[in-house]
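> My file is final.csv. It has CSV, C-alpha atoms:
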```csv
chain,number,residue,atom,x,y,z
A,1,MET,CA,72.3,127.0,39.6
A,2,LYS,CA,75.7,128.5,39.9
A,3,ASP,CA,77.1,125.1,40.8
A,4,ILE,CA,75.8,123.5,37.7
A,5,ALA,CA,77.2,126.3,35.5
A,6,ALA,CA,80.6,126.0,37.2
A,7,GLU,CA,80.5,122.2,36.9
A,8,MET,CA,79.7,122.3,33.3
A,9,TYR,CA,82.3,124.9,32.5
A,10,ALA,CA,84.9,122.8,34.2
A,11,MET,CA,83.7,119.8,32.2
A,12,LEU,CA,84.0,121.7,29.0
A,13,ASN,CA,87.1,123.5,29.6
A,14,GLU,CA,89.4,120.6,30.4
A,15,THR,CA,91.1,118.9,27.5
A,16,LYS,CA,90.5,115.3,28.3
A,17,ILE,CA,93.5,113.2,27.7
A,18,ALA,CA,92.6,109.6,26.8
A,19,PHE,CA,96.1,108.2,27.2
A,20,THR,CA,99.7,109.2,26.6
A,21,VAL,CA,101.9,107.6,24.0
A,22,PRO,CA,105.1,106.7,25.9
A,23,ILE,CA,107.6,108.0,23.3
A,24,PHE,CA,109.4,111.3,23.1
A,25,GLY,CA,108.7,111.9,26.8
A,26,GLY,CA,105.0,111.1,26.3
A,27,ILE,CA,102.6,112.4,23.6
A,28,PRO,CA,99.2,113.1,25.1
A,29,ILE,CA,96.3,111.8,23.0
A,30,PRO,CA,93.1,113.9,23.5
A,31,SER,CA,89.9,111.8,23.9
A,32,SER,CA,88.5,113.3,20.7
A,33,VAL,CA,91.4,111.9,18.8
A,34,ALA,CA,91.1,108.5,20.4
A,35,VAL,CA,87.3,108.4,19.6
A,36,THR,CA,88.1,109.5,16.1
A,37,TRP,CA,90.5,106.6,15.7
A,38,GLY,CA,87.8,104.3,16.9
A,39,ILE,CA,85.3,105.7,14.5
A,40,MET,CA,87.8,105.4,11.6
A,41,ALA,CA,88.6,101.8,12.5
A,42,VAL,CA,84.9,100.9,12.6
A,43,ILE,CA,84.1,102.6,9.3
A,44,VAL,CA,87.1,101.2,7.5
A,45,LEU,CA,86.6,97.7,8.9
A,46,PHE,CA,82.9,97.9,7.9
A,47,CYS,CA,83.9,98.9,4.4
A,48,ILE,CA,86.6,96.2,4.1
A,49,ILE,CA,84.2,93.5,5.3
A,50,PHE,CA,81.1,94.5,3.2
A,51,VAL,CA,82.6,96.1,0.1
A,52,ARG,CA,85.2,93.4,-0.6
A,53,GLY,CA,82.7,90.8,-1.7
A,54,PHE,CA,80.8,93.0,-4.1
A,55,LYS,CA,79.3,91.2,-7.0
A,56,LEU,CA,77.4,92.3,-10.2
A,57,MET,CA,74.2,90.9,-8.8
A,58,PRO,CA,74.0,92.7,-5.4
A,59,GLY,CA,72.9,91.2,-2.1
A,60,ARG,CA,70.9,93.1,0.5
A,61,MET,CA,73.9,94.8,2.2
A,62,GLN,CA,75.5,95.6,-1.1
A,63,THR,CA,72.3,97.3,-2.3
A,64,ALA,CA,72.2,99.4,0.8
A,65,ILE,CA,75.8,100.5,0.5
A,66,GLU,CA,75.4,101.2,-3.2
A,67,MET,CA,72.3,103.2,-2.5
A,68,PHE,CA,74.1,105.2,0.1
A,69,VAL,CA,77.2,105.9,-2.1
A,70,GLY,CA,74.9,106.5,-5.1
A,71,TRP,CA,73.0,109.0,-3.0
A,72,ILE,CA,76.2,110.8,-2.0
A,73,TYR,CA,77.3,111.0,-5.6
A,74,ASP,CA,73.9,112.2,-6.9
A,75,PHE,CA,73.6,114.8,-4.1
A,76,PHE,CA,77.0,116.3,-4.7
A,77,THR,CA,76.9,116.0,-8.5
A,78,GLY,CA,73.6,118.0,-8.2
A,79,ILE,CA,75.5,120.8,-6.5
A,80,LEU,CA,78.9,120.7,-8.1
A,81,GLY,CA,78.1,119.4,-11.6
A,82,GLU,CA,80.2,116.8,-13.5
A,83,LYS,CA,83.5,118.8,-13.1
A,84,GLY,CA,83.2,118.6,-9.3
A,85,ARG,CA,83.2,114.9,-9.3
A,86,LYS,CA,86.7,114.6,-8.0
A,87,TYR,CA,85.8,116.4,-4.8
A,88,ILE,CA,83.0,113.9,-4.0
A,89,PRO,CA,85.1,111.3,-2.1
A,90,TYR,CA,86.4,113.9,0.3
A,91,LEU,CA,83.0,115.4,0.9
A,92,GLY,CA,81.6,112.0,1.4
A,93,THR,CA,84.3,111.1,3.9
A,94,VAL,CA,83.6,114.3,5.9
A,95,LEU,CA,79.8,113.5,5.8
A,96,ILE,CA,80.3,110.0,7.0
A,97,TYR,CA,82.8,111.1,9.7
A,98,ILE,CA,80.7,114.0,11.1
A,99,GLY,CA,77.6,111.8,11.0
A,100,CYS,CA,79.3,109.0,12.9
A,101,ALA,CA,81.0,111.5,15.3
A,102,ASN,CA,77.7,113.1,16.2
A,103,ILE,CA,75.8,109.9,17.0
A,104,VAL,CA,78.7,108.3,18.8
A,105,GLY,CA,77.3,109.9,22.0
A,106,LEU,CA,74.6,107.1,21.8
A,107,PHE,CA,77.3,104.6,22.7
A,108,GLY,CA,78.4,106.6,25.8
A,109,LEU,CA,81.4,108.1,24.1
A,110,ILE,CA,82.1,111.9,23.9
A,111,PRO,CA,81.4,113.1,20.4
A,112,PRO,CA,84.7,114.3,18.8
A,113,THR,CA,82.8,117.2,17.3
A,114,LYS,CA,82.4,118.6,20.8
A,115,ASP,CA,86.1,119.4,20.6
A,116,LEU,CA,86.7,122.8,19.0
A,117,ASN,CA,89.9,121.5,17.5
A,118,VAL,CA,88.0,118.9,15.4
A,119,THR,CA,85.4,121.3,14.1
A,120,ALA,CA,88.0,124.0,13.4
A,121,GLY,CA,90.3,121.5,11.7
A,122,LEU,CA,87.4,120.3,9.5
A,123,ALA,CA,86.5,123.9,8.7
A,124,ILE,CA,90.1,124.9,7.8
A,125,MET,CA,90.4,121.8,5.6
A,126,SER,CA,87.1,122.9,3.9
A,127,ILE,CA,88.3,126.4,3.2
A,128,VAL,CA,91.6,125.1,1.8
A,129,LEU,CA,89.7,122.7,-0.5
A,130,VAL,CA,87.3,125.6,-1.5
A,131,GLU,CA,90.2,127.9,-2.5
A,132,ALA,CA,92.2,125.0,-4.1
A,133,ALA,CA,89.1,124.2,-6.2
A,134,GLY,CA,88.9,127.9,-7.2
A,135,ILE,CA,92.6,128.0,-8.2
A,136,ARG,CA,92.3,124.7,-10.1
A,137,SER,CA,89.3,125.8,-11.9
A,138,LYS,CA,90.3,129.4,-12.8
A,139,GLY,CA,94.0,129.4,-12.6
A,140,THR,CA,95.9,131.5,-10.0
A,141,ARG,CA,95.3,134.8,-11.9
A,142,GLY,CA,91.6,134.1,-12.4
A,143,TRP,CA,91.3,133.1,-8.7
A,144,LEU,CA,93.0,136.4,-7.6
A,145,ARG,CA,90.8,138.4,-10.0
A,146,SER,CA,87.7,136.7,-8.6
A,147,PHE,CA,88.3,138.7,-5.4
A,148,LYS,CA,87.2,141.9,-7.0
A,149,LYS,CA,84.0,140.6,-8.2
A,150,PRO,CA,81.3,141.8,-8.7
A,151,MET,CA,83.2,145.1,-8.2
A,152,ALA,CA,86.5,146.4,-6.8
A,153,VAL,CA,84.9,147.7,-3.6
A,154,MET,CA,84.1,144.1,-2.6
A,155,VAL,CA,87.8,143.1,-2.3
A,156,PRO,CA,88.0,143.5,1.5
A,157,PHE,CA,84.8,141.6,2.0
A,158,ASN,CA,85.8,138.9,-0.3
A,159,ILE,CA,89.1,138.5,1.5
A,160,LEU,CA,87.2,138.5,4.8
A,161,GLU,CA,85.0,135.7,3.5
A,162,ILE,CA,88.1,133.4,3.5
A,163,VAL,CA,88.0,133.7,7.3
A,164,ILE,CA,84.2,134.0,7.8
A,165,LYS,CA,83.2,130.9,5.8
A,166,PRO,CA,85.3,128.4,7.8
A,167,LEU,CA,84.5,130.2,11.0
A,168,SER,CA,80.8,129.9,10.4
A,169,LEU,CA,81.2,126.3,9.4
A,170,CYS,CA,83.2,125.5,12.5
A,171,MET,CA,81.1,127.4,14.9
A,172,ARG,CA,77.7,126.1,13.5
A,173,LEU,CA,78.8,122.5,14.0
A,174,PHE,CA,80.5,123.1,17.3
A,175,GLY,CA,77.7,125.3,18.7
A,176,ASN,CA,75.1,122.7,17.8
A,177,VAL,CA,76.9,119.9,19.4
A,178,LEU,CA,77.8,122.0,22.4
A,179,GLY,CA,74.3,123.3,22.8
A,180,ALA,CA,72.9,119.8,22.5
A,181,PHE,CA,75.3,118.7,25.2
A,182,VAL,CA,74.4,121.6,27.6
A,183,ILE,CA,70.7,121.0,27.1
A,184,MET,CA,71.0,117.3,27.6
A,185,GLU,CA,73.0,117.8,30.8
A,186,LEU,CA,70.4,120.2,32.1
A,187,ILE,CA,67.6,117.8,31.3
A,188,LYS,CA,69.5,115.0,33.0
A,189,ALA,CA,70.0,117.2,36.0
A,190,VAL,CA,66.3,117.8,36.3
A,191,VAL,CA,64.8,114.4,35.3
A,192,PRO,CA,67.5,111.7,35.1
A,193,ALA,CA,65.3,108.9,33.6
A,194,ILE,CA,63.0,108.4,30.6
A,195,VAL,CA,62.5,112.1,29.8
A,196,PRO,CA,66.0,112.5,28.3
A,197,LEU,CA,65.3,109.7,25.8
A,198,PRO,CA,63.2,111.6,23.2
A,199,PHE,CA,65.5,114.6,23.6
A,200,SER,CA,68.5,112.3,23.1
A,201,PHE,CA,66.9,111.0,19.9
A,202,TYR,CA,66.5,114.6,18.6
A,203,PHE,CA,69.9,115.9,19.6
A,204,ASP,CA,72.1,112.9,19.1
A,205,ILE,CA,70.6,111.4,16.0
A,206,PHE,CA,68.5,114.0,14.1
A,207,ASP,CA,70.5,117.1,14.9
A,208,GLY,CA,73.8,115.2,14.6
A,209,LEU,CA,73.0,113.9,11.1
A,210,LEU,CA,71.5,117.2,10.1
A,211,GLN,CA,74.6,119.1,11.0
A,212,ALA,CA,76.8,116.6,9.1
A,213,TYR,CA,74.5,117.2,6.1
A,214,VAL,CA,74.6,121.0,6.5
A,215,PHE,CA,78.4,121.1,6.9
A,216,VAL,CA,79.1,119.2,3.6
A,217,PHE,CA,76.2,120.9,1.9
A,218,LEU,CA,77.7,124.3,2.6
A,219,THR,CA,81.2,123.2,1.8
A,220,SER,CA,80.1,121.9,-1.6
A,221,LEU,CA,78.2,125.1,-2.2
A,222,TYR,CA,81.4,127.1,-1.5
A,223,ILE,CA,83.3,124.9,-3.9
A,224,SER,CA,80.7,125.2,-6.6
A,225,GLU,CA,80.8,129.0,-6.1
A,226,ALA,CA,84.6,129.0,-6.3
A,227,MET,CA,84.6,127.0,-9.5
A,228,ASP,CA,81.9,129.1,-11.1
A,229,GLU,CA,83.2,130.8,-14.2
A,230,ASP,CA,81.4,134.1,-14.7
B,1,MET,CA,87.5,121.4,24.8
B,2,LEU,CA,86.7,125.1,24.3
B,3,ASN,CA,90.2,126.1,23.5
B,4,LEU,CA,92.1,125.7,20.3
B,5,ASN,CA,95.5,124.2,20.6
B,6,TRP,CA,98.1,122.1,18.7
B,7,SER,CA,95.8,119.0,18.7
B,8,ILE,CA,94.1,120.5,15.6
B,9,ILE,CA,96.9,118.8,13.7
B,10,TRP,CA,95.4,115.4,14.7
B,11,THR,CA,92.2,116.4,12.9
B,12,PHE,CA,94.0,117.1,9.7
B,13,VAL,CA,95.9,113.9,9.9
B,14,ASN,CA,92.9,111.8,10.8
B,15,ILE,CA,90.6,113.2,8.2
B,16,ILE,CA,93.2,112.8,5.4
B,17,VAL,CA,93.9,109.2,6.5
B,18,LEU,CA,90.2,108.4,6.7
B,19,PHE,CA,89.7,110.0,3.3
B,20,LEU,CA,92.5,107.9,1.7
B,21,LEU,CA,91.2,104.8,3.3
B,22,LEU,CA,87.6,105.4,2.3
B,23,ARG,CA,88.7,106.2,-1.2
B,24,ILE,CA,90.4,102.8,-1.4
B,25,PHE,CA,87.9,100.7,0.4
B,26,LEU,CA,84.5,102.4,-0.2
B,27,PHE,CA,84.2,105.0,-3.0
B,28,LYS,CA,86.4,103.4,-5.7
B,29,PRO,CA,85.1,99.8,-5.5
B,30,VAL,CA,81.5,100.9,-5.2
B,31,MET,CA,81.7,103.3,-8.1
B,32,LYS,CA,83.6,100.7,-10.1
B,33,ILE,CA,80.8,98.1,-9.6
B,34,LEU,CA,78.1,100.7,-10.3
B,35,ASP,CA,79.8,101.7,-13.5
B,36,LYS,CA,80.3,98.1,-14.4
B,37,ARG,CA,76.7,97.3,-13.8
B,38,ALA,CA,75.6,100.4,-15.8
B,39,GLY,CA,77.8,99.2,-18.6
B,40,GLU,CA,76.4,95.7,-18.4
B,41,ILE,CA,72.8,97.0,-18.4
B,42,LYS,CA,73.6,99.3,-21.4
B,43,LYS,CA,75.1,96.3,-23.2
B,44,THR,CA,72.0,94.2,-22.5
B,45,LEU,CA,69.7,96.9,-23.7
B,46,ASP,CA,71.8,97.5,-26.8
B,47,ASP,CA,71.7,93.7,-27.5
B,48,ALA,CA,68.0,93.7,-27.0
B,49,GLU,CA,67.6,96.6,-29.4
B,50,THR,CA,69.8,94.9,-32.0
B,51,LYS,CA,67.8,91.6,-31.6
B,52,LYS,CA,64.6,93.5,-32.0
B,53,ASN,CA,65.8,95.2,-35.2
B,54,GLU,CA,67.0,91.8,-36.5
B,55,ALA,CA,63.6,90.3,-35.7
B,56,ALA,CA,61.8,93.1,-37.5
B,57,GLU,CA,64.0,92.7,-40.5
B,58,LEU,CA,63.4,89.0,-40.6
B,59,LYS,CA,59.7,89.5,-40.3
B,60,ALA,CA,59.7,91.9,-43.2
B,61,GLN,CA,61.8,89.5,-45.2
B,62,TYR,CA,59.4,86.6,-44.5
B,63,ALA,CA,56.4,88.7,-45.3
B,64,GLU,CA,58.0,89.5,-48.7
B,65,GLU,CA,58.9,85.9,-49.3
B,66,LEU,CA,55.3,84.9,-48.5
B,67,LYS,CA,54.0,87.5,-50.9
B,68,ALA,CA,56.4,86.3,-53.6
B,69,ALA,CA,55.4,82.7,-53.0
B,70,GLY,CA,51.7,83.7,-53.3
B,71,THR,CA,52.4,85.4,-56.6
B,72,ARG,CA,54.4,82.4,-57.8
B,73,ALA,CA,51.6,80.1,-56.8
B,74,ASP,CA,49.1,82.2,-58.7
B,75,ALA,CA,51.4,82.2,-61.8
B,76,ILE,CA,51.8,78.4,-61.6
B,77,LEU,CA,48.1,78.0,-61.3
B,78,LYS,CA,47.4,80.3,-64.2
B,79,GLU,CA,50.0,78.5,-66.3
B,80,ALA,CA,48.5,75.1,-65.4
B,81,THR,CA,45.0,76.3,-66.2
B,82,ASP,CA,46.2,77.7,-69.6
B,83,ASN,CA,48.0,74.5,-70.4
B,84,ALA,CA,45.0,72.5,-69.5
B,85,LYS,CA,42.8,74.7,-71.7
B,86,VAL,CA,45.2,74.2,-74.6
B,87,GLN,CA,45.4,70.5,-74.0
B,88,ARG,CA,41.7,70.3,-73.8
B,89,GLU,CA,41.2,72.1,-77.0
B,90,LYS,CA,43.8,69.9,-78.6
B,91,ILE,CA,42.2,66.8,-77.4
B,92,ILE,CA,38.8,67.9,-78.5
B,93,ASP,CA,40.1,68.9,-81.9
B,94,LYS,CA,41.8,65.5,-82.3
B,95,ALA,CA,38.6,63.7,-81.2
B,96,LYS,CA,36.6,65.7,-83.7
B,97,LYS,CA,39.1,64.9,-86.4
B,98,ASP,CA,39.2,61.3,-85.5
B,99,ALA,CA,35.4,61.2,-85.4
B,100,ASP,CA,35.2,62.8,-88.8
B,101,ASN,CA,37.8,60.4,-90.2
B,102,LEU,CA,35.9,57.5,-88.7
B,103,ILE,CA,32.6,58.7,-90.2
B,104,LYS,CA,34.3,59.3,-93.6
B,105,THR,CA,35.8,55.8,-93.5
B,106,ALA,CA,32.6,54.3,-92.5
B,107,GLU,CA,30.7,56.1,-95.2
B,108,LYS,CA,33.3,54.9,-97.7
B,109,GLN,CA,32.9,51.4,-96.5
B,110,ILE,CA,29.2,51.6,-96.6
B,111,GLU,CA,29.3,52.9,-100.2
B,112,LEU,CA,31.7,50.1,-101.1
B,113,ASP,CA,29.5,47.5,-99.4
B,114,ARG,CA,26.5,48.9,-101.2
B,115,GLN,CA,28.2,48.8,-104.5
B,116,GLN,CA,29.4,45.2,-103.8
B,117,THR,CA,25.9,44.2,-102.8
B,118,MET,CA,24.4,45.8,-105.8
B,119,LYS,CA,26.9,44.0,-108.0
B,120,GLU,CA,26.2,40.7,-106.3
B,121,MET,CA,22.4,41.3,-106.5
B,122,ARG,CA,22.8,42.2,-110.2
B,123,SER,CA,24.7,39.1,-111.0
B,124,GLN,CA,22.2,37.0,-108.9
B,125,ILE,CA,19.2,38.6,-110.5
B,126,ALA,CA,20.8,37.8,-113.9
B,127,ASP,CA,21.5,34.3,-112.8
B,128,VAL,CA,17.9,33.9,-111.5
B,129,ALA,CA,16.5,35.4,-114.6
B,130,LEU,CA,18.7,33.1,-116.7
B,131,ARG,CA,17.6,30.1,-114.7
B,132,ALA,CA,13.9,31.2,-114.9
B,133,ALA,CA,14.2,31.6,-118.6
B,134,GLN,CA,15.9,28.1,-118.8
B,135,LYS,CA,13.1,26.6,-116.7
B,136,ALA,CA,10.5,28.2,-118.8
B,137,MET,CA,12.0,27.0,-122.0
B,138,GLU,CA,12.3,23.5,-120.6
B,139,ASN,CA,8.6,23.5,-119.6
B,140,ASP,CA,7.7,25.5,-122.7
B,141,ASP,CA,5.6,27.6,-120.5
B,142,VAL,CA,6.6,31.2,-120.9
B,143,SER,CA,3.5,32.5,-119.1
B,144,GLU,CA,3.8,35.1,-116.5
B,145,SER,CA,2.4,32.9,-113.7
B,146,SER,CA,4.9,30.1,-114.2
B,147,ILE,CA,7.8,32.6,-114.0
B,148,SER,CA,6.5,34.2,-110.8
B,149,SER,CA,5.9,30.8,-109.1
B,150,PHE,CA,9.4,29.9,-110.1
B,151,LEU,CA,10.7,33.1,-108.7
B,152,ARG,CA,8.7,32.4,-105.4
B,153,GLN,CA,10.4,29.0,-105.2
B,154,VAL,CA,13.8,30.5,-105.6
B,155,GLY,CA,13.1,33.2,-103.1
B,156,GLU,CA,12.0,30.6,-100.5
B,157,SER,CA,15.0,28.3,-101.0
B,158,ASP,CA,17.4,31.2,-100.9
B,159,ASP,CA,16.1,32.5,-97.7
```
What would the structure in this file look like if it were written as structure tokens?

Amino acid sequence: MKDIAAEMYAMLNETKIAFTVPIFGGIPIPSSVAVTWGIMAVIVLFCIIFVRGFKLMPGRMQTAIEMFVGWIYDFFTGILGEKGRKYIPYLGTVLIYIGCANIVGLFGLIPPTKDLNVTAGLAIMSIVLVEAAGIRSKGTRGWLRSFKKPMAVMVPFNILEIVIKPLSLCMRLFGNVLGAFVIMELIKAVVPAIVPLPFSFYFDIFDGLLQAYVFVFLTSLYISEAMDED
Amino acid sequence: MLNLNWSIIWTFVNIIVLFLLLRIFLFKPVMKILDKRAGEIKKTLDDAETKKNEAAELKAQYAEELKAAGTRADAILKEATDNAKVQREKIIDKAKKDADNLIKTAEKQIELDRQQTMKEMRSQIADVALRAAQKAMENDDVSESSISSFLRQVGESDD
């Protein structure tokens, strides 16, 4: 038992370097970044191939893509309202990226979301977007004034929220992916064949997509809250 | 993987690049086509609505025209009937007048004929009487029976 724990800790703790770019004395590229590039390339190529030939009378693929994008727009418009429409492409991007990153484990790659740097980066970008949306919607003074709402006593807590919100976003995503990884490794250690399959479906597909959904859902809720004029 | 380090910058760069690429290749074109289709559908629906209104207008117009035509037909029929009535009365009047005239002319003619006949008869009777008297004087028989037998002779020969 102690062996497994040590082994897993070693597996988790090392920063896997996929390759090193041989300039400036070698820039190491972590595997999460390399996988992210792969995901980006696939998504963008997919979009270029299928979206380019869009017609007014849609084919099957076009209908599927339109439904998906339409669903993203409907979903976020429902939370943000019409004035939040400009944030939808970013939220959609994050949704697609986290969704792909979480299920990439099915193809034998390491999910980039298992790297704390990725989830932390996403969470920091989310909180920057949230506060930017607040400033854009209320003006700098209105944004600053919103910290003492509903009453002045709340100022420290509201300031603390700037840290807590992204931290919870980051850790929820990371914890889920990490937990899934640990459980999967344990199951594989006990029964290496067939039994891990349903668990893999749950953790890699269902939980992965669910966490992507939860991440953007909460981010959009924070944005909506930040834009809210009271 | 458990430690935060400088490689967080990669995440920022990657997400921003992916966001820009997806905006160009996915969200903008898809929303453009969706908006375009929505516009097209709205246009089609508006067109249909306009056509429907036009059709309803035309229908009302035709109904009115039909009604007007019916009224006109009635008027024409009535006029024709009236005309026919007047004409009929005129014709009957004329016929009556003509018949009256004819009867009057005929009566006049008959009167004239009668008078003529009477005149002729009168002269003939005078002539016969004269001839009877002559015959009687020739025979010296002025008896009534000789005169009547003479008259019977004349009547038979005249017939």
> Go through B:Gly155, B:Trp6, B:Leu112, B:Lys42 and flag the residue nearest Gln124 in chain B, using all atoms listed in the file for the distances.
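Selected residue with least distance to Gln124 in chain B: B:Gly155.
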> As JSON, numbers by chain, could you give me every residue of chain A near chain B (at most 8 Å apart, counting all atoms listed in the file)?
{"A": [12, 13, 14, 15, 16, 30, 33, 36, 37, 40, 44, 47, 48, 51, 52, 54, 55, 56, 66, 69, 89, 90, 93, 94, 114, 115, 116, 117, 118, 120, 121, 122, 125]}
> Report, in Å with one decimal, the straight-line distance from CA of Phe203 in chain A to CA of Leu167 in chain A.
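According to the coordinates, CA of Phe203 in chain A and CA of Leu167 in chain A are separated by 22.2 Å.
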> Need to verify the contact set: range 223-228 of chain A, 8 Å, only C-alpha atoms, exclusion of same-chain residues closer than 5 positions in sequence. Can you return it as a list in words?
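Skipping anything fewer than 5 positions along the chain leaves Ile79, Leu80, Gly84, Leu129, Val130, Glu131, Ala133, Gly134, Ser137 and Lys138 of chain A.
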> Sorted by chain and rising residue number, list the residues of range 23-113 of chain A at most 10 Å from range 170-193 of chain A (counting only C-alpha atoms), each with its closest atom pair and distance in Å to one decimal, as CSV.

```
residue,atom,partner,partner_atom,distance
A:Ile98,CA,A:Leu173,CA,9.2
A:Asn102,CA,A:Val177,CA,7.6
A:Gly105,CA,A:Phe181,CA,9.6
A:Ile110,CA,A:Phe181,CA,9.7
A:Pro111,CA,A:Val177,CA,8.2
A:Pro112,CA,A:Val177,CA,9.6
A:Thr113,CA,A:Phe174,CA,6.3
```
> Report the distance between CA of Ser146 in chain A and CA of Leu91 in chain A in Å, rounded to one decimal place.
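Going from CA of Ser146 in chain A over to CA of Leu91 in chain A, I get 23.8 Å.
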> What does the structure give for the distance between CA of Met137 in chain B and CA of Met118 in chain B, in Å to one decimal?
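A separation of 27.7 Å between them.
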> Taking (13.0, 33.4, -114.2) in the file's coordinates, which residues come within 10 Å, counting only C-alpha atoms, written as a PDB file with C-alpha atoms, in the frame of the given file?

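part_4.pdb written:
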```
ATOM      1  CA  ILE B 125      19.200  38.600-110.500  1.00  0.00           C
ATOM      2  CA  ALA B 126      20.800  37.800-113.900  1.00  0.00           C
ATOM      3  CA  ASP B 127      21.500  34.300-112.800  1.00  0.00           C
ATOM      4  CA  VAL B 128      17.900  33.900-111.500  1.00  0.00           C
ATOM      5  CA  ALA B 129      16.500  35.400-114.600  1.00  0.00           C
ATOM      6  CA  LEU B 130      18.700  33.100-116.700  1.00  0.00           C
ATOM      7  CA  ARG B 131      17.600  30.100-114.700  1.00  0.00           C
ATOM      8  CA  ALA B 132      13.900  31.200-114.900  1.00  0.00           C
ATOM      9  CA  ALA B 133      14.200  31.600-118.600  1.00  0.00           C
ATOM     10  CA  GLN B 134      15.900  28.100-118.800  1.00  0.00           C
ATOM     11  CA  LYS B 135      13.100  26.600-116.700  1.00  0.00           C
ATOM     12  CA  ALA B 136      10.500  28.200-118.800  1.00  0.00           C
ATOM     13  CA  VAL B 142       6.600  31.200-120.900  1.00  0.00           C
ATOM     14  CA  GLU B 144       3.800  35.100-116.500  1.00  0.00           C
ATOM     15  CA  SER B 146       4.900  30.100-114.200  1.00  0.00           C
ATOM     16  CA  ILE B 147       7.800  32.600-114.000  1.00  0.00           C
ATOM     17  CA  SER B 148       6.500  34.200-110.800  1.00  0.00           C
ATOM     18  CA  SER B 149       5.900  30.800-109.100  1.00  0.00           C
ATOM     19  CA  PHE B 150       9.400  29.900-110.100  1.00  0.00           C
ATOM     20  CA  LEU B 151      10.700  33.100-108.700  1.00  0.00           C
ATOM     21  CA  ARG B 152       8.700  32.400-105.400  1.00  0.00           C
ATOM     22  CA  VAL B 154      13.800  30.500-105.600  1.00  0.00           C
TER      23      VAL B 154
END
```
> Quick one: everything within 12 Å of Phe201 in chain A, counting only C-alpha atoms, minus sequence neighbours fewer than 4 positions away in the same chain. Send it as a ChimeraX atom specification.
/A:102-103,105-106,180,184,194-197,205-209
> Padding of 6 Å on every side, edges along x, y and z, all listed atoms of range 66-81 of chain B included: what centre and edge lengths in Å, to one decimal, does that box have, as AutoDock Vina command-line options?

```
--center_x 50.7 --center_y 81.3 --center_z -57.4 --size_x 23.4 --size_y 24.4 --size_z 29.8
```
> Hey, what's within 9 Å of Phe76 in chain A if we count all atoms listed in the file and toss same-chain stuff fewer than 3 positions away? As a ChimeraX atom specification, please?
/A:71-73,79-81,84-85,87-88,91-92,217,220
